[in-house]
$ cat final_23.cif   # mmCIF, N, CA and C atoms
data_model
loop_
_atom_site.label_atom_id
_atom_site.label_comp_id
_atom_site.auth_asym_id
_atom_site.auth_seq_id
_atom_site.Cartn_x
_atom_site.Cartn_y
_atom_site.Cartn_z
N MET A 1 -4.41 6.01 -17.76
CA MET A 1 -4.70 7.35 -17.31
C MET A 1 -6.12 7.43 -16.74
N LYS A 2 -7.04 6.67 -17.34
CA LYS A 2 -8.43 6.68 -16.87
C LYS A 2 -8.51 6.17 -15.44
N ASN A 3 -7.74 5.14 -15.12
CA ASN A 3 -7.75 4.59 -13.77
C ASN A 3 -7.18 5.58 -12.76
N LYS A 4 -6.16 6.32 -13.18
CA LYS A 4 -5.57 7.30 -12.27
C LYS A 4 -6.57 8.41 -11.97
N ILE A 5 -7.29 8.86 -12.98
CA ILE A 5 -8.29 9.91 -12.78
C ILE A 5 -9.43 9.40 -11.90
N LEU A 6 -9.90 8.18 -12.16
CA LEU A 6 -10.96 7.59 -11.36
C LEU A 6 -10.50 7.41 -9.92
N SER A 7 -9.26 7.00 -9.73
CA SER A 7 -8.70 6.86 -8.39
C SER A 7 -8.69 8.20 -7.68
N PHE A 8 -8.26 9.24 -8.38
CA PHE A 8 -8.21 10.57 -7.78
C PHE A 8 -9.61 11.06 -7.41
N VAL A 9 -10.58 10.83 -8.28
CA VAL A 9 -11.95 11.28 -8.01
C VAL A 9 -12.54 10.56 -6.80
N LEU A 10 -12.35 9.24 -6.72
CA LEU A 10 -12.87 8.49 -5.58
C LEU A 10 -12.17 8.88 -4.28
N GLY A 11 -10.86 9.08 -4.34
CA GLY A 11 -10.13 9.52 -3.15
C GLY A 11 -10.59 10.89 -2.70
N LEU A 12 -10.81 11.80 -3.65
CA LEU A 12 -11.29 13.14 -3.32
C LEU A 12 -12.70 13.08 -2.73
N ALA A 13 -13.57 12.23 -3.29
CA ALA A 13 -14.92 12.08 -2.75
C ALA A 13 -14.89 11.53 -1.32
N GLY A 14 -14.01 10.57 -1.08
CA GLY A 14 -13.86 10.04 0.28
C GLY A 14 -13.35 11.08 1.25
N ALA A 15 -12.38 11.88 0.82
CA ALA A 15 -11.85 12.93 1.68
C ALA A 15 -12.91 13.99 1.97
N VAL A 16 -13.70 14.36 0.96
CA VAL A 16 -14.77 15.34 1.17
C VAL A 16 -15.81 14.78 2.14
N LEU A 17 -16.14 13.49 2.01
CA LEU A 17 -17.09 12.86 2.91
C LEU A 17 -16.58 12.85 4.34
N VAL A 18 -15.30 12.58 4.51
CA VAL A 18 -14.71 12.58 5.85
C VAL A 18 -14.77 13.98 6.45
N VAL A 19 -14.37 14.99 5.69
CA VAL A 19 -14.37 16.36 6.20
C VAL A 19 -15.79 16.82 6.50
N ALA A 20 -16.75 16.52 5.61
CA ALA A 20 -18.14 16.93 5.84
C ALA A 20 -18.72 16.25 7.07
N SER A 21 -18.43 14.98 7.25
CA SER A 21 -18.96 14.28 8.43
C SER A 21 -18.31 14.80 9.71
N LEU A 22 -17.04 15.14 9.65
CA LEU A 22 -16.41 15.74 10.82
C LEU A 22 -17.03 17.09 11.16
N TYR A 23 -17.27 17.90 10.13
CA TYR A 23 -17.91 19.20 10.36
C TYR A 23 -19.29 19.02 10.97
N PHE A 24 -20.09 18.09 10.42
CA PHE A 24 -21.42 17.84 10.96
C PHE A 24 -21.34 17.35 12.40
N ALA A 25 -20.46 16.40 12.67
CA ALA A 25 -20.34 15.85 14.02
C ALA A 25 -19.91 16.92 15.01
N ILE A 26 -18.94 17.73 14.64
CA ILE A 26 -18.47 18.77 15.56
C ILE A 26 -19.56 19.81 15.83
N SER A 27 -20.24 20.25 14.76
CA SER A 27 -21.28 21.27 14.96
C SER A 27 -22.47 20.71 15.73
N TYR A 28 -22.90 19.48 15.41
CA TYR A 28 -24.05 18.91 16.09
C TYR A 28 -23.73 18.55 17.53
N PHE A 29 -22.59 17.93 17.76
CA PHE A 29 -22.27 17.53 19.12
C PHE A 29 -21.89 18.70 19.99
N SER A 30 -21.45 19.80 19.40
CA SER A 30 -21.22 20.98 20.23
C SER A 30 -22.55 21.54 20.73
N TYR A 31 -23.60 21.44 19.90
CA TYR A 31 -24.95 21.85 20.32
C TYR A 31 -25.43 20.96 21.46
N ILE A 32 -25.26 19.65 21.31
CA ILE A 32 -25.68 18.72 22.37
C ILE A 32 -24.87 18.97 23.64
N GLY A 33 -23.57 19.16 23.46
CA GLY A 33 -22.72 19.41 24.63
C GLY A 33 -23.12 20.67 25.37
N LYS A 34 -23.47 21.72 24.63
CA LYS A 34 -23.91 22.98 25.26
C LYS A 34 -25.18 22.74 26.06
N ALA A 35 -26.12 21.99 25.49
CA ALA A 35 -27.38 21.72 26.18
C ALA A 35 -27.14 20.90 27.44
N ILE A 36 -26.26 19.92 27.35
CA ILE A 36 -25.97 19.09 28.53
C ILE A 36 -25.29 19.92 29.61
N ILE A 37 -24.37 20.76 29.21
CA ILE A 37 -23.70 21.63 30.18
C ILE A 37 -24.70 22.59 30.83
N ASP A 38 -25.63 23.13 30.01
CA ASP A 38 -26.67 24.00 30.57
C ASP A 38 -27.53 23.25 31.57
N PHE A 39 -27.86 21.99 31.26
CA PHE A 39 -28.69 21.22 32.18
C PHE A 39 -27.92 20.88 33.45
N LEU A 40 -26.68 20.45 33.29
CA LEU A 40 -25.90 20.09 34.48
C LEU A 40 -25.64 21.30 35.36
N ALA A 41 -25.47 22.42 34.72
CA ALA A 41 -25.27 23.64 35.51
C ALA A 41 -26.55 24.02 36.24
N ALA A 42 -27.70 23.64 35.69
CA ALA A 42 -28.98 23.98 36.30
C ALA A 42 -29.39 22.95 37.35
N ASN A 43 -28.70 21.81 37.43
CA ASN A 43 -28.95 20.76 38.41
C ASN A 43 -30.11 19.88 37.99
N ASN A 44 -31.00 19.50 38.89
CA ASN A 44 -32.05 18.53 38.65
C ASN A 44 -33.30 19.23 38.09
N VAL A 45 -33.94 18.65 37.06
CA VAL A 45 -35.08 19.27 36.39
C VAL A 45 -36.28 19.38 37.33
N GLU A 46 -36.61 18.30 38.02
CA GLU A 46 -37.80 18.32 38.87
C GLU A 46 -37.66 19.34 40.00
N ASN A 47 -36.49 19.36 40.62
CA ASN A 47 -36.27 20.33 41.70
C ASN A 47 -36.33 21.75 41.17
N LEU A 48 -35.79 21.95 40.00
CA LEU A 48 -35.76 23.30 39.43
C LEU A 48 -37.16 23.75 39.03
N THR A 49 -37.92 22.85 38.39
CA THR A 49 -39.27 23.26 37.97
C THR A 49 -40.18 23.45 39.16
N SER A 50 -40.00 22.68 40.23
CA SER A 50 -40.84 22.86 41.43
C SER A 50 -40.51 24.19 42.12
N CYS A 51 -39.30 24.65 41.95
CA CYS A 51 -38.91 25.94 42.53
C CYS A 51 -39.27 27.10 41.61
N GLY A 52 -39.75 26.79 40.40
CA GLY A 52 -40.12 27.85 39.48
C GLY A 52 -38.99 28.26 38.54
N ILE A 53 -37.91 27.50 38.52
CA ILE A 53 -36.78 27.81 37.64
C ILE A 53 -37.03 27.13 36.28
N VAL A 54 -36.74 27.83 35.23
CA VAL A 54 -36.98 27.31 33.89
C VAL A 54 -35.80 26.44 33.44
N VAL A 55 -36.13 25.22 32.96
CA VAL A 55 -35.11 24.31 32.43
C VAL A 55 -34.78 24.77 31.01
N PRO A 56 -33.50 24.70 30.60
CA PRO A 56 -33.15 25.13 29.23
C PRO A 56 -33.98 24.38 28.19
N SER A 57 -34.45 25.11 27.20
CA SER A 57 -35.30 24.50 26.16
C SER A 57 -34.50 23.53 25.30
N ALA A 58 -33.21 23.76 25.17
CA ALA A 58 -32.38 22.86 24.37
C ALA A 58 -32.35 21.46 24.96
N PHE A 59 -32.42 21.36 26.29
CA PHE A 59 -32.44 20.04 26.92
C PHE A 59 -33.72 19.31 26.58
N MET A 60 -34.83 20.01 26.60
CA MET A 60 -36.10 19.38 26.25
C MET A 60 -36.11 18.97 24.77
N ASP A 61 -35.48 19.78 23.92
CA ASP A 61 -35.38 19.43 22.50
C ASP A 61 -34.57 18.16 22.31
N ILE A 62 -33.47 18.07 23.01
CA ILE A 62 -32.61 16.88 22.90
C ILE A 62 -33.34 15.66 23.45
N ARG A 63 -34.04 15.83 24.55
CA ARG A 63 -34.79 14.72 25.13
C ARG A 63 -35.84 14.22 24.15
N ASP A 64 -36.47 15.14 23.44
CA ASP A 64 -37.49 14.76 22.45
C ASP A 64 -36.86 14.16 21.19
N MET A 65 -35.69 14.62 20.82
CA MET A 65 -35.03 14.13 19.60
C MET A 65 -34.29 12.81 19.82
N PHE A 66 -34.04 12.44 21.04
CA PHE A 66 -33.18 11.28 21.31
C PHE A 66 -33.66 10.01 20.62
N PRO A 67 -34.92 9.58 20.78
CA PRO A 67 -35.31 8.32 20.13
C PRO A 67 -35.47 8.41 18.62
N ALA A 68 -35.76 9.60 18.10
CA ALA A 68 -36.03 9.71 16.67
C ALA A 68 -34.82 10.12 15.85
N THR A 69 -33.86 10.81 16.45
CA THR A 69 -32.74 11.36 15.68
C THR A 69 -31.39 10.84 16.16
N ILE A 70 -31.14 10.94 17.42
CA ILE A 70 -29.79 10.64 17.93
C ILE A 70 -29.49 9.15 17.88
N LEU A 71 -30.41 8.31 18.34
CA LEU A 71 -30.15 6.86 18.31
C LEU A 71 -30.01 6.31 16.90
N PRO A 72 -30.91 6.66 15.95
CA PRO A 72 -30.68 6.18 14.58
C PRO A 72 -29.36 6.67 13.99
N MET A 73 -28.97 7.91 14.33
CA MET A 73 -27.70 8.41 13.82
C MET A 73 -26.54 7.60 14.39
N LEU A 74 -26.62 7.27 15.66
CA LEU A 74 -25.53 6.51 16.28
C LEU A 74 -25.49 5.07 15.81
N TYR A 75 -26.66 4.43 15.71
CA TYR A 75 -26.68 3.00 15.39
C TYR A 75 -26.75 2.69 13.91
N LEU A 76 -27.22 3.63 13.10
CA LEU A 76 -27.35 3.38 11.68
C LEU A 76 -26.48 4.33 10.84
N GLY A 77 -26.49 5.58 11.18
CA GLY A 77 -25.79 6.59 10.39
C GLY A 77 -24.28 6.44 10.41
N ILE A 78 -23.71 6.28 11.58
CA ILE A 78 -22.24 6.18 11.68
C ILE A 78 -21.71 4.92 10.99
N PRO A 79 -22.31 3.74 11.22
CA PRO A 79 -21.81 2.57 10.48
C PRO A 79 -21.95 2.70 8.96
N LEU A 80 -23.08 3.24 8.49
CA LEU A 80 -23.24 3.42 7.05
C LEU A 80 -22.24 4.43 6.51
N LEU A 81 -21.97 5.47 7.25
CA LEU A 81 -20.98 6.46 6.84
C LEU A 81 -19.59 5.81 6.74
N LEU A 82 -19.25 5.00 7.70
CA LEU A 82 -17.94 4.33 7.68
C LEU A 82 -17.84 3.33 6.53
N VAL A 83 -18.94 2.64 6.22
CA VAL A 83 -18.93 1.71 5.08
C VAL A 83 -18.76 2.49 3.78
N ALA A 84 -19.46 3.63 3.66
CA ALA A 84 -19.34 4.45 2.44
C ALA A 84 -17.92 4.98 2.28
N ILE A 85 -17.33 5.46 3.36
CA ILE A 85 -15.95 5.97 3.29
C ILE A 85 -15.00 4.83 2.94
N SER A 86 -15.21 3.67 3.53
CA SER A 86 -14.34 2.52 3.23
C SER A 86 -14.45 2.11 1.76
N ALA A 87 -15.67 2.09 1.23
CA ALA A 87 -15.86 1.71 -0.18
C ALA A 87 -15.19 2.72 -1.10
N LEU A 88 -15.32 4.01 -0.81
CA LEU A 88 -14.69 5.03 -1.64
C LEU A 88 -13.17 4.92 -1.60
N MET A 89 -12.62 4.74 -0.42
CA MET A 89 -11.17 4.65 -0.30
C MET A 89 -10.64 3.35 -0.92
N PHE A 90 -11.40 2.26 -0.79
CA PHE A 90 -10.99 1.02 -1.44
C PHE A 90 -10.98 1.19 -2.95
N GLY A 91 -12.05 1.79 -3.49
CA GLY A 91 -12.11 2.02 -4.93
C GLY A 91 -10.97 2.91 -5.40
N SER A 92 -10.65 3.92 -4.62
CA SER A 92 -9.55 4.81 -4.98
C SER A 92 -8.23 4.04 -5.02
N GLY A 93 -7.97 3.25 -4.01
CA GLY A 93 -6.74 2.48 -3.97
C GLY A 93 -6.68 1.43 -5.06
N TYR A 94 -7.81 0.80 -5.35
CA TYR A 94 -7.86 -0.22 -6.40
C TYR A 94 -7.51 0.38 -7.76
N PHE A 95 -8.16 1.49 -8.10
CA PHE A 95 -7.93 2.08 -9.41
C PHE A 95 -6.54 2.71 -9.50
N TYR A 96 -6.02 3.22 -8.39
CA TYR A 96 -4.66 3.75 -8.41
C TYR A 96 -3.66 2.61 -8.64
N GLY A 97 -3.88 1.49 -7.95
CA GLY A 97 -3.01 0.33 -8.15
C GLY A 97 -3.10 -0.23 -9.56
N LYS A 98 -4.32 -0.25 -10.11
CA LYS A 98 -4.51 -0.72 -11.48
C LYS A 98 -3.78 0.20 -12.45
N HIS A 99 -3.86 1.52 -12.22
CA HIS A 99 -3.15 2.47 -13.08
C HIS A 99 -1.64 2.26 -12.97
N ALA A 100 -1.14 2.06 -11.75
CA ALA A 100 0.29 1.86 -11.56
C ALA A 100 0.76 0.59 -12.27
N MET A 101 -0.02 -0.48 -12.17
CA MET A 101 0.36 -1.73 -12.83
C MET A 101 0.31 -1.59 -14.34
N ASP A 102 -0.71 -0.90 -14.86
CA ASP A 102 -0.80 -0.71 -16.32
C ASP A 102 0.37 0.12 -16.84
N SER A 103 0.69 1.19 -16.15
CA SER A 103 1.80 2.03 -16.62
C SER A 103 3.13 1.30 -16.49
N GLU A 104 3.29 0.49 -15.45
CA GLU A 104 4.52 -0.29 -15.29
C GLU A 104 4.63 -1.35 -16.39
N ALA A 105 3.51 -2.00 -16.73
CA ALA A 105 3.53 -3.00 -17.80
C ALA A 105 3.84 -2.35 -19.15
N GLU A 106 3.30 -1.17 -19.39
CA GLU A 106 3.56 -0.45 -20.64
C GLU A 106 5.04 -0.05 -20.72
N ALA A 107 5.60 0.43 -19.61
CA ALA A 107 7.01 0.80 -19.60
C ALA A 107 7.89 -0.43 -19.82
N LEU A 108 7.53 -1.56 -19.23
CA LEU A 108 8.29 -2.80 -19.42
C LEU A 108 8.22 -3.26 -20.87
N ARG A 109 7.05 -3.18 -21.49
CA ARG A 109 6.89 -3.57 -22.89
C ARG A 109 7.75 -2.69 -23.80
N LYS A 110 7.73 -1.39 -23.55
CA LYS A 110 8.55 -0.47 -24.37
C LYS A 110 10.04 -0.75 -24.18
N ARG A 111 10.43 -1.03 -22.95
CA ARG A 111 11.84 -1.33 -22.67
C ARG A 111 12.26 -2.61 -23.38
N GLU A 112 11.41 -3.63 -23.35
CA GLU A 112 11.74 -4.88 -24.03
C GLU A 112 11.82 -4.68 -25.55
N GLU A 113 10.91 -3.90 -26.11
CA GLU A 113 10.97 -3.61 -27.54
C GLU A 113 12.25 -2.87 -27.91
N HIS A 114 12.64 -1.93 -27.08
CA HIS A 114 13.87 -1.18 -27.33
C HIS A 114 15.09 -2.09 -27.26
N ILE A 115 15.13 -2.95 -26.25
CA ILE A 115 16.25 -3.88 -26.11
C ILE A 115 16.30 -4.83 -27.30
N GLN A 116 15.14 -5.34 -27.72
CA GLN A 116 15.11 -6.27 -28.85
C GLN A 116 15.57 -5.57 -30.13
N SER A 117 15.14 -4.32 -30.33
CA SER A 117 15.57 -3.61 -31.53
C SER A 117 17.07 -3.33 -31.48
N GLU A 118 17.63 -3.05 -30.32
CA GLU A 118 19.08 -2.85 -30.19
C GLU A 118 19.83 -4.13 -30.46
N VAL A 119 19.33 -5.25 -29.95
CA VAL A 119 19.99 -6.55 -30.19
C VAL A 119 19.97 -6.86 -31.68
N ASP A 120 18.83 -6.66 -32.31
CA ASP A 120 18.72 -6.92 -33.76
C ASP A 120 19.66 -6.01 -34.54
N ARG A 121 19.73 -4.78 -34.15
CA ARG A 121 20.60 -3.83 -34.87
C ARG A 121 22.07 -4.20 -34.71
N ARG A 122 22.47 -4.59 -33.52
CA ARG A 122 23.89 -4.88 -33.27
C ARG A 122 24.32 -6.23 -33.84
N THR A 123 23.44 -7.19 -33.84
CA THR A 123 23.83 -8.50 -34.37
C THR A 123 23.68 -8.57 -35.87
N GLY A 124 22.95 -7.67 -36.42
CA GLY A 124 22.83 -7.63 -37.86
C GLY A 124 21.80 -8.59 -38.40
N THR A 125 21.00 -9.19 -37.54
CA THR A 125 19.98 -10.12 -38.04
C THR A 125 18.89 -9.38 -38.79
N LYS A 126 18.70 -8.19 -38.43
CA LYS A 126 17.69 -7.40 -39.10
C LYS A 126 18.31 -6.04 -39.36
N PRO A 127 18.64 -5.77 -40.62
CA PRO A 127 19.31 -4.51 -40.90
C PRO A 127 18.40 -3.33 -40.59
N PRO A 128 18.99 -2.26 -40.11
CA PRO A 128 18.17 -1.08 -39.83
C PRO A 128 17.57 -0.54 -41.11
N ALA A 129 16.48 0.05 -40.99
CA ALA A 129 15.79 0.59 -42.18
C ALA A 129 16.63 1.72 -42.76
N GLN A 130 16.88 1.62 -44.08
CA GLN A 130 17.65 2.67 -44.75
C GLN A 130 16.73 3.41 -45.70
N PRO A 131 16.98 4.68 -45.86
CA PRO A 131 16.12 5.43 -46.77
C PRO A 131 16.32 4.92 -48.20
N ALA A 132 15.25 4.89 -48.93
CA ALA A 132 15.31 4.41 -50.32
C ALA A 132 16.00 5.44 -51.19
N LYS A 133 16.92 4.93 -52.08
CA LYS A 133 17.62 5.83 -52.98
C LYS A 133 16.79 6.00 -54.23
N PRO A 134 16.84 7.18 -54.81
CA PRO A 134 16.10 7.36 -56.07
C PRO A 134 16.74 6.52 -57.16
N PRO A 135 15.95 6.00 -58.06
CA PRO A 135 16.53 5.16 -59.14
C PRO A 135 17.44 5.99 -60.05
N GLU A 136 18.55 5.34 -60.47
CA GLU A 136 19.50 6.04 -61.34
C GLU A 136 18.98 6.09 -62.75
N LYS A 137 19.24 7.20 -63.39
CA LYS A 137 18.81 7.35 -64.78
C LYS A 137 19.81 6.62 -65.68
N SER A 138 19.32 5.88 -66.59
CA SER A 138 20.22 5.20 -67.51
C SER A 138 20.60 6.15 -68.64
N LYS A 139 21.85 6.04 -69.03
CA LYS A 139 22.34 6.92 -70.12
C LYS A 139 22.26 6.14 -71.40
N LYS A 140 21.49 6.66 -72.28
CA LYS A 140 21.40 6.02 -73.60
C LYS A 140 22.14 6.90 -74.57
N ALA A 141 22.99 6.30 -75.32
CA ALA A 141 23.78 7.07 -76.26
C ALA A 141 23.28 7.04 -77.63
#

$ encode --input "final_23.cif" --output "C-alpha coordinates"
Amino acid sequence: MKNKILSFVLGLAGAVLVVASLYFAISYFSYIGKAIIDFLAANNVENLTSCGIVVPSAFMDIRDMFPATILPMLYLGIPLLLVAISALMFGSGYFYGKHAMDSEAEALRKREEHIQSEVDRRTGTKPPAQPAKPPEKSKKA
(Lines of atoms letter the chains of each structure in order from A and count residues from 1; the text may use other names and numbers.)
(Lines give C-alpha, C1' and ligand atoms only; values in the text may rest on other atoms or scores of the structure.)
Protein backbone atom coordinates (compact mmCIF):
# COMPACT_ATOMS: atom_id res chain seq x y z
CA MET A 1 0.00 0.00 0.00
CA LYS A 2 2.91 2.34 0.77
CA ASN A 3 4.27 1.91 -2.76
CA LYS A 4 0.89 2.65 -4.29
CA ILE A 5 0.58 5.88 -2.28
CA LEU A 6 4.13 6.91 -3.15
CA SER A 7 3.44 6.15 -6.80
CA PHE A 8 0.30 8.28 -6.70
CA VAL A 9 2.12 11.18 -5.01
CA LEU A 10 4.99 11.15 -7.52
CA GLY A 11 2.60 10.89 -10.46
CA LEU A 12 0.54 13.77 -9.09
CA ALA A 13 3.70 15.88 -8.56
CA GLY A 14 4.77 15.18 -12.15
CA ALA A 15 1.34 16.11 -13.48
CA VAL A 16 1.31 19.34 -11.45
CA LEU A 17 4.80 20.18 -12.76
CA VAL A 18 3.68 19.59 -16.34
CA VAL A 19 0.57 21.76 -15.92
CA ALA A 20 2.51 24.54 -14.14
CA SER A 21 5.21 24.59 -16.80
CA LEU A 22 2.61 24.70 -19.55
CA TYR A 23 0.87 27.61 -17.81
CA PHE A 24 4.19 29.46 -17.43
CA ALA A 25 5.20 28.79 -21.03
CA ILE A 26 1.86 29.90 -22.44
CA SER A 27 1.68 33.06 -20.35
CA TYR A 28 5.33 34.03 -20.92
CA PHE A 29 5.44 33.23 -24.61
CA SER A 30 2.17 35.03 -25.22
CA TYR A 31 3.88 38.15 -23.79
CA ILE A 32 6.87 37.63 -26.09
CA GLY A 33 4.59 36.95 -29.04
CA LYS A 34 2.64 40.16 -28.39
CA ALA A 35 5.86 42.17 -28.28
CA ILE A 36 7.13 40.60 -31.50
CA ILE A 37 3.83 41.25 -33.24
CA ASP A 38 3.91 44.87 -32.01
CA PHE A 39 7.43 45.25 -33.38
CA LEU A 40 6.66 43.62 -36.70
CA ALA A 41 3.58 45.74 -37.07
CA ALA A 42 5.72 48.81 -36.40
CA ASN A 43 8.30 47.74 -39.05
CA ASN A 44 12.00 48.64 -38.67
CA VAL A 45 13.23 50.22 -35.38
CA GLU A 46 15.83 52.55 -36.88
CA ASN A 47 13.48 53.87 -39.54
CA LEU A 48 10.74 54.36 -37.00
CA THR A 49 12.91 56.14 -34.45
CA SER A 50 14.41 58.41 -37.12
CA CYS A 51 10.89 59.38 -38.11
CA GLY A 52 10.00 60.09 -34.48
CA ILE A 53 7.81 57.01 -34.00
CA VAL A 54 8.10 55.29 -30.64
CA VAL A 55 9.14 51.62 -30.64
CA PRO A 56 7.08 49.44 -28.25
CA SER A 57 8.75 49.27 -24.84
CA ALA A 58 8.05 45.53 -24.61
CA PHE A 59 10.41 44.95 -27.53
CA MET A 60 13.22 46.79 -25.78
CA ASP A 61 12.50 44.77 -22.62
CA ILE A 62 12.73 41.51 -24.53
CA ARG A 63 15.90 42.64 -26.27
CA ASP A 64 17.43 43.40 -22.88
CA MET A 65 16.19 40.16 -21.30
CA PHE A 66 17.30 37.90 -24.14
CA PRO A 67 20.87 37.10 -22.98
CA ALA A 68 20.06 36.99 -19.27
CA THR A 69 16.64 35.31 -19.17
CA ILE A 70 15.45 33.79 -22.41
CA LEU A 71 18.61 31.93 -23.48
CA PRO A 72 19.26 30.34 -20.05
CA MET A 73 15.60 29.32 -19.91
CA LEU A 74 15.83 27.71 -23.34
CA TYR A 75 19.21 26.04 -22.91
CA LEU A 76 19.13 25.19 -19.22
CA GLY A 77 15.59 25.50 -17.88
CA ILE A 78 13.73 23.36 -20.40
CA PRO A 79 16.17 20.40 -20.27
CA LEU A 80 16.22 20.47 -16.45
CA LEU A 81 12.43 20.64 -16.39
CA LEU A 82 12.19 17.63 -18.70
CA VAL A 83 14.68 15.68 -16.57
CA ALA A 84 12.68 16.50 -13.42
CA ILE A 85 9.41 15.43 -15.05
CA SER A 86 11.04 12.24 -16.33
CA ALA A 87 12.42 11.39 -12.88
CA LEU A 88 9.04 11.96 -11.22
CA MET A 89 7.18 9.87 -13.78
CA PHE A 90 9.79 7.11 -13.61
CA GLY A 91 9.53 7.03 -9.82
CA SER A 92 5.76 6.92 -10.06
CA GLY A 93 5.82 4.01 -12.49
CA TYR A 94 8.47 2.16 -10.49
CA PHE A 95 6.57 2.34 -7.22
CA TYR A 96 3.26 1.50 -8.91
CA GLY A 97 4.86 -1.57 -10.50
CA LYS A 98 6.43 -2.54 -7.17
CA HIS A 99 3.02 -2.23 -5.49
CA ALA A 100 1.39 -4.33 -8.22
CA MET A 101 4.04 -7.04 -7.90
CA ASP A 102 3.79 -7.08 -4.09
CA SER A 103 0.01 -7.36 -4.12
CA GLU A 104 0.15 -10.06 -6.81
CA ALA A 105 2.72 -12.04 -4.78
CA GLU A 106 0.57 -11.72 -1.64
CA ALA A 107 -2.53 -12.90 -3.53
CA LEU A 108 -0.56 -15.85 -4.95
CA ARG A 109 0.72 -16.80 -1.48
CA LYS A 110 -2.80 -16.69 -0.03
CA ARG A 111 -4.13 -18.76 -2.92
CA GLU A 112 -1.41 -21.38 -2.44
CA GLU A 113 -2.11 -21.55 1.30
CA HIS A 114 -5.81 -22.00 0.62
CA ILE A 115 -5.17 -24.74 -1.93
CA GLN A 116 -2.76 -26.52 0.44
CA SER A 117 -5.26 -26.36 3.30
CA GLU A 118 -8.00 -27.75 1.01
CA VAL A 119 -5.73 -30.59 -0.14
CA ASP A 120 -4.84 -31.42 3.46
CA ARG A 121 -8.48 -31.32 4.50
CA ARG A 122 -9.66 -33.55 1.65
CA THR A 123 -6.90 -36.13 1.86
CA GLY A 124 -7.14 -36.36 5.58
CA THR A 125 -3.43 -35.97 6.20
CA LYS A 126 -4.13 -33.21 8.58
CA PRO A 127 -7.49 -33.34 10.28
CA PRO A 128 -9.34 -30.07 10.48
CA ALA A 129 -9.25 -28.41 13.83
CA GLN A 130 -12.18 -29.51 15.98
CA PRO A 131 -13.45 -27.65 18.97
CA ALA A 132 -12.35 -29.17 22.25
CA LYS A 133 -15.08 -31.01 24.16
CA PRO A 134 -15.46 -30.33 27.85
CA PRO A 135 -14.22 -33.21 30.00
CA GLU A 136 -16.92 -35.64 31.14
CA LYS A 137 -17.68 -35.80 34.81
CA SER A 138 -17.08 -39.19 36.30
CA LYS A 139 -19.90 -40.70 38.31
CA LYS A 140 -18.81 -42.03 41.61
CA ALA A 141 -21.29 -44.14 43.42

$ atom_distance --input "final_23.cif" --atom1 "CA of Ala100 in chain A" --atom2 "CA of Ala87 in chain A"
19.8 Å

$ closest_residue --input "final_23.cif" --among "A:Ile78, A:Ala107, A:Met101, A:Leu88" --to "Gly11 in chain A" --atoms "only N, CA and C atoms"
A:Leu88

$ atom_distance --input "final_23.cif" --atom1 "atom C of Val19 in chain A" --atom2 "atom C of Asp61 in chain A"
24.6 Å

$ closest_residue --input "final_23.cif" --among "A:Ile32, A:Met1, A:Val55, A:Met89" --to "Ala15 in chain A" --atoms "only C-alpha atoms"
A:Met89

$ closest_residue --input "final_23.cif" --among "A:Ala58, A:Ile5, A:Leu82, A:Ala20" --to "Ala35 in chain A" --atoms "all atoms listed in the file"
A:Ala58

$ atom_distance --input "final_23.cif" --atom1 "CA of Ser92 in chain A" --atom2 "atom C of Lys4 in chain A"
8.4 Å

$ closest_residue --input "final_23.cif" --among "A:Glu104, A:Gly97, A:Glu112, A:Phe90" --to "Ala13 in chain A" --atoms "only C-alpha atoms"
A:Phe90

$ select_by_dssp --input "final_23.cif" --residues "range 59-124 of chain A" --states "alpha helix (DSSP H)" --output "ChimeraX atom specification"
/A:59-65,71-72,78-123

$ residues_around --input "final_23.cif" --residues "Gly91 in chain A" --least-positions-apart "5" --cutoff "8 Å" --atoms "all atoms listed in the file" --output "JSON, numbers by chain"
{"A": [6, 7, 8, 9, 10, 11, 85, 86, 96, 97]}
